[in-house]
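Peer 1: This is the structure, below, for whatever I ask next.
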Amino acid sequence: MLATRIFEKARSWLPLLPLLLMLAATYWLNLQVQPLPQAESQKRHDVDYYLNNFTATTLNMQGQPRYVLTAEKLWHYPDDDTTHLQMPHLTSLYPDRPPINTTALTGMLSSKGEDVYLYDEVRIVRPATGELLEQDFATDYLHVIPDRDWAETDQAVVMSNKFNVIHAVGMQLDNKAGTARLLSRVRATHEPVPH
């Protein structure tokens, strides 16, 4: 009698068996397609590669060198895709005038290398051309976009040449046009040209 009752109960659950099997299979399949958890090393801020005495040359559309970036050391972090530089030196090359040199103690490249961020003792030297004197710019931070020949800072900057020293806060430097726009708190000292 007891066996008959158990058999009857089991028989009443029999139509649900395919549904339960399908539910179990769906659960198992869901577990199989879940993304794998990130490896512990990918979560950490660890260097994945580094280079010593790094040099990269970017060419223009005619295949001629456009600018050269060198650094004593370069290292990359995969978690935020940043590339860091020690003693970076950016040389912008032109067919019709001398190169412009930009140096710093440290720097960082954007993930695609379109932006260069320079820090600590940043110096830009624009050589003399025609009637323009050599210009020297000094700041502690500079954002450079080499493809646009553009540089800018929101920090204090000192612009100088043979006869002038100009202090300001903030600057926009357009090397294509050969202009420098000082943004605020501009103070200048001028030494007269000797006769």
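Chains: A, B, ... in order of the structure tokens. Residues: from 1 per chain. Ligands: from 1, in order shown.
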Near region 46-59 of chain A, within 10 Å and counting only C-alpha atoms, which residues show up once chain neighbours fewer than 4 positions away are dropped, as a PyMOL selection string?
Peer 2: chain A and resi 41-42+63-79+82-93+146-147
Peer 1: For the residues selected in the previous step, produce a file with N, CA and C atoms as an mmCIF file, in the first residue's frame.
Peer 2:
data_model
loop_
_atom_site.group_PDB
_atom_site.id
_atom_site.type_symbol
_atom_site.label_atom_id
_atom_site.label_comp_id
_atom_site.auth_asym_id
_atom_site.auth_seq_id
_atom_site.Cartn_x
_atom_site.Cartn_y
_atom_site.Cartn_z
ATOM 1 N N SER A 41 45.985 39.864 -11.558
ATOM 2 C CA SER A 41 47.007 40.770 -12.071
ATOM 3 C C SER A 41 46.414 41.858 -12.955
ATOM 4 N N GLN A 42 45.258 41.588 -13.600
ATOM 5 C CA GLN A 42 44.637 42.603 -14.441
ATOM 6 C C GLN A 42 43.965 43.681 -13.598
ATOM 7 N N GLY A 63 55.769 60.774 -45.996
ATOM 8 C CA GLY A 63 56.731 59.798 -45.508
ATOM 9 C C GLY A 63 57.987 60.398 -44.907
ATOM 10 N N GLN A 64 57.957 61.710 -44.630
ATOM 11 C CA GLN A 64 59.103 62.367 -44.008
ATOM 12 C C GLN A 64 58.877 62.468 -42.506
ATOM 13 N N PRO A 65 59.940 62.444 -41.701
ATOM 14 C CA PRO A 65 59.775 62.562 -40.245
ATOM 15 C C PRO A 65 59.042 63.846 -39.869
ATOM 16 N N ARG A 66 58.022 63.722 -39.035
ATOM 17 C CA ARG A 66 57.205 64.864 -38.589
ATOM 18 C C ARG A 66 57.564 65.263 -37.161
ATOM 19 N N TYR A 67 57.662 64.259 -36.283
ATOM 20 C CA TYR A 67 58.173 64.518 -34.944
ATOM 21 C C TYR A 67 58.795 63.247 -34.382
ATOM 22 N N VAL A 68 59.700 63.457 -33.437
ATOM 23 C CA VAL A 68 60.430 62.357 -32.820
ATOM 24 C C VAL A 68 60.244 62.472 -31.314
ATOM 25 N N LEU A 69 59.847 61.375 -30.690
ATOM 26 C CA LEU A 69 59.707 61.326 -29.237
ATOM 27 C C LEU A 69 60.739 60.346 -28.703
ATOM 28 N N THR A 70 61.565 60.820 -27.785
ATOM 29 C CA THR A 70 62.538 59.941 -27.132
ATOM 30 C C THR A 70 62.317 60.020 -25.630
ATOM 31 N N ALA A 71 62.781 58.998 -24.926
ATOM 32 C CA ALA A 71 62.717 58.985 -23.463
ATOM 33 C C ALA A 71 63.777 58.031 -22.938
ATOM 34 N N GLU A 72 64.305 58.348 -21.765
ATOM 35 C CA GLU A 72 65.265 57.430 -21.144
ATOM 36 C C GLU A 72 64.582 56.123 -20.768
ATOM 37 N N LYS A 73 63.344 56.224 -20.271
ATOM 38 C CA LYS A 73 62.579 55.026 -19.914
ATOM 39 C C LYS A 73 61.119 55.226 -20.289
ATOM 40 N N LEU A 74 60.477 54.140 -20.667
ATOM 41 C CA LEU A 74 59.050 54.129 -20.982
ATOM 42 C C LEU A 74 58.461 52.885 -20.339
ATOM 43 N N TRP A 75 57.298 53.007 -19.679
ATOM 44 C CA TRP A 75 56.627 51.834 -19.123
ATOM 45 C C TRP A 75 55.122 51.988 -19.281
ATOM 46 N N HIS A 76 54.427 50.850 -19.372
ATOM 47 C CA HIS A 76 52.999 50.821 -19.701
ATOM 48 C C HIS A 76 52.225 50.050 -18.633
ATOM 49 N N TYR A 77 51.038 50.588 -18.276
ATOM 50 C CA TYR A 77 50.117 49.926 -17.351
ATOM 51 C C TYR A 77 48.887 49.469 -18.135
ATOM 52 N N PRO A 78 48.585 48.173 -18.162
ATOM 53 C CA PRO A 78 47.447 47.700 -18.961
ATOM 54 C C PRO A 78 46.085 48.029 -18.357
ATOM 55 N N ASP A 79 45.993 48.186 -17.026
ATOM 56 C CA ASP A 79 44.680 48.389 -16.405
ATOM 57 C C ASP A 79 44.053 49.713 -16.824
ATOM 58 N N THR A 82 47.854 53.403 -19.778
ATOM 59 C CA THR A 82 48.683 54.602 -19.780
ATOM 60 C C THR A 82 50.139 54.219 -20.009
ATOM 61 N N THR A 83 50.846 55.102 -20.698
ATOM 62 C CA THR A 83 52.270 54.928 -20.955
ATOM 63 C C THR A 83 52.997 56.097 -20.314
ATOM 64 N N HIS A 84 53.961 55.793 -19.476
ATOM 65 C CA HIS A 84 54.682 56.816 -18.723
ATOM 66 C C HIS A 84 56.099 56.953 -19.266
ATOM 67 N N LEU A 85 56.634 58.171 -19.155
ATOM 68 C CA LEU A 85 57.942 58.479 -19.721
ATOM 69 C C LEU A 85 58.836 59.123 -18.673
ATOM 70 N N GLN A 86 60.110 58.762 -18.715
ATOM 71 C CA GLN A 86 61.109 59.436 -17.889
ATOM 72 C C GLN A 86 62.052 60.175 -18.814
ATOM 73 N N MET A 87 62.262 61.458 -18.553
ATOM 74 C CA MET A 87 63.101 62.331 -19.360
ATOM 75 C C MET A 87 62.655 62.350 -20.831
ATOM 76 N N PRO A 88 61.370 62.671 -21.079
ATOM 77 C CA PRO A 88 60.914 62.732 -22.469
ATOM 78 C C PRO A 88 61.479 63.941 -23.212
ATOM 79 N N HIS A 89 61.666 63.762 -24.516
ATOM 80 C CA HIS A 89 62.152 64.828 -25.389
ATOM 81 C C HIS A 89 61.368 64.713 -26.695
ATOM 82 N N LEU A 90 60.560 65.735 -26.983
ATOM 83 C CA LEU A 90 59.747 65.762 -28.197
ATOM 84 C C LEU A 90 60.349 66.790 -29.151
ATOM 85 N N THR A 91 60.696 66.348 -30.364
ATOM 86 C CA THR A 91 61.247 67.239 -31.389
ATOM 87 C C THR A 91 60.249 67.327 -32.532
ATOM 88 N N SER A 92 59.723 68.533 -32.767
ATOM 89 C CA SER A 92 58.806 68.777 -33.887
ATOM 90 C C SER A 92 59.623 69.250 -35.075
ATOM 91 N N LEU A 93 59.475 68.539 -36.203
ATOM 92 C CA LEU A 93 60.289 68.822 -37.387
ATOM 93 C C LEU A 93 59.478 69.532 -38.461
ATOM 94 N N PRO A 146 50.815 66.729 -30.683
ATOM 95 C CA PRO A 146 51.813 66.885 -31.752
ATOM 96 C C PRO A 146 51.215 66.976 -33.151
ATOM 97 N N ASP A 147 50.178 66.200 -33.453
ATOM 98 C CA ASP A 147 49.599 66.228 -34.802
ATOM 99 C C ASP A 147 49.016 67.590 -35.164
#
Peer 1: For Asn164 (chain A), list every protein, DNA or RNA residue within 10 Å, evaluated using only C-alpha atoms, and leave out those in the same chain fewer than 5 positions away; present the list as a list in words.
Peer 2: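 My list of contacting residues is Gln135, Met159, Ala188, Thr189, His190, Glu191 and Pro192 of chain A.
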Peer 1: Any chance you could tabulate, as CSV, the residues of region 110-162 of chain A at most 10 Å from region 97-102 of chain A with each one's nearest atom pair and distance in Å to one decimal, using only C-alpha atoms, in chain and rising number order?
Peer 2:
residue,atom,partner,partner_atom,distance
A:Leu118,CA,A:Thr102,CA,9.1
A:Val122,CA,A:Thr102,CA,7.2
A:Arg123,CA,A:Thr102,CA,5.6
A:Ile124,CA,A:Thr102,CA,4.3
A:Val125,CA,A:Asn101,CA,5.4
A:Arg126,CA,A:Ile100,CA,5.0
A:Pro127,CA,A:Pro98,CA,6.3
A:Ala128,CA,A:Pro98,CA,8.0
A:Thr129,CA,A:Arg97,CA,6.9
A:Gly130,CA,A:Arg97,CA,9.3
A:Gln135,CA,A:Ile100,CA,10.0
A:Asp136,CA,A:Thr102,CA,9.9
A:Phe137,CA,A:Thr102,CA,9.2
A:Ala138,CA,A:Thr102,CA,9.7
A:Leu142,CA,A:Thr102,CA,9.7
A:Val144,CA,A:Thr102,CA,9.5
Peer 1: Would you mind telling me which residue in A:Asn30, A:Leu183, A:Met22, A:Ile145 lies nearest to Gly113 (chain A) when using only C-alpha atoms?
Peer 2: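 Among A:Asn30, A:Leu183, A:Met22, A:Ile145, it is A:Ile145 that comes nearest to Gly113 (chain A).
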Peer 1: Figure out the distance between CA of Tyr94 (chain A) and CA of Tyr117 (chain A), please, to one decimal in Å.
Peer 2: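 Atom-to-atom, CA of Tyr117 (chain A) and CA of Tyr94 (chain A) are spaced 21.7 Å apart.
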Peer 1: Calculate how many Å separate CA of Arg185 (chain A) from CA of Val165 (chain A), rounding to one decimal.
Peer 2: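 Going from CA of Arg185 (chain A) over to CA of Val165 (chain A) covers 13.6 Å.
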Peer 1: Closest to Asn161 (chain A) among A:Asp115, A:Asp96, A:Asp120, A:Glu134, using only C-alpha atoms?
Peer 2: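 Closest to Asn161 (chain A), using only C-alpha atoms: A:Glu134.
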Peer 1: Please give the complete set of residues from chain A that DSSP, run on the backbone, assigns to strand (DSSP E), formatted as a PyMOL selection string.
Peer 2: chain A and resi 49-59+65-77+82-86+89-92+100-103+106-109+116-126+135-145+150-160+164-174+179-190
Peer 1: Please provide the set of residues having any atom within 7 Å of region 168-177 of chain A, restricted to only C-alpha atoms, with same-chain residues fewer than 6 positions apart removed, written as a short mmCIF file (atom, residue, chain, number, x, y, z; two decimals) with C-alpha atoms, in the first residue's frame.
Peer 2:
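That gives us out_17.cif:
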data_model
loop_
_atom_site.label_atom_id
_atom_site.label_comp_id
_atom_site.auth_asym_id
_atom_site.auth_seq_id
_atom_site.Cartn_x
_atom_site.Cartn_y
_atom_site.Cartn_z
CA ASP A 149 51.29 71.47 -33.46
CA TRP A 150 49.47 72.62 -30.34
CA ALA A 151 50.46 72.87 -26.68
CA GLU A 152 48.68 74.33 -23.67
CA THR A 153 49.00 74.73 -19.94
CA ASP A 154 46.88 76.17 -17.15
CA GLN A 155 49.94 76.50 -14.89
CA ALA A 156 52.43 79.34 -14.40
CA VAL A 157 54.66 79.86 -17.44
CA VAL A 158 57.74 81.96 -18.15
CA LEU A 183 45.97 83.68 -20.68
CA SER A 184 46.14 85.58 -17.38
CA ARG A 185 48.25 87.50 -14.84
CA VAL A 186 50.77 88.59 -17.47
CA ARG A 187 53.83 90.53 -16.22
#
Peer 1: Among region 14-135 of chain A, which ones does DSSP assign to alpha helix (DSSP H) (computed from the backbone)? Answer as a PyMOL selection string.
Peer 2: chain A and resi 17-33+40-43
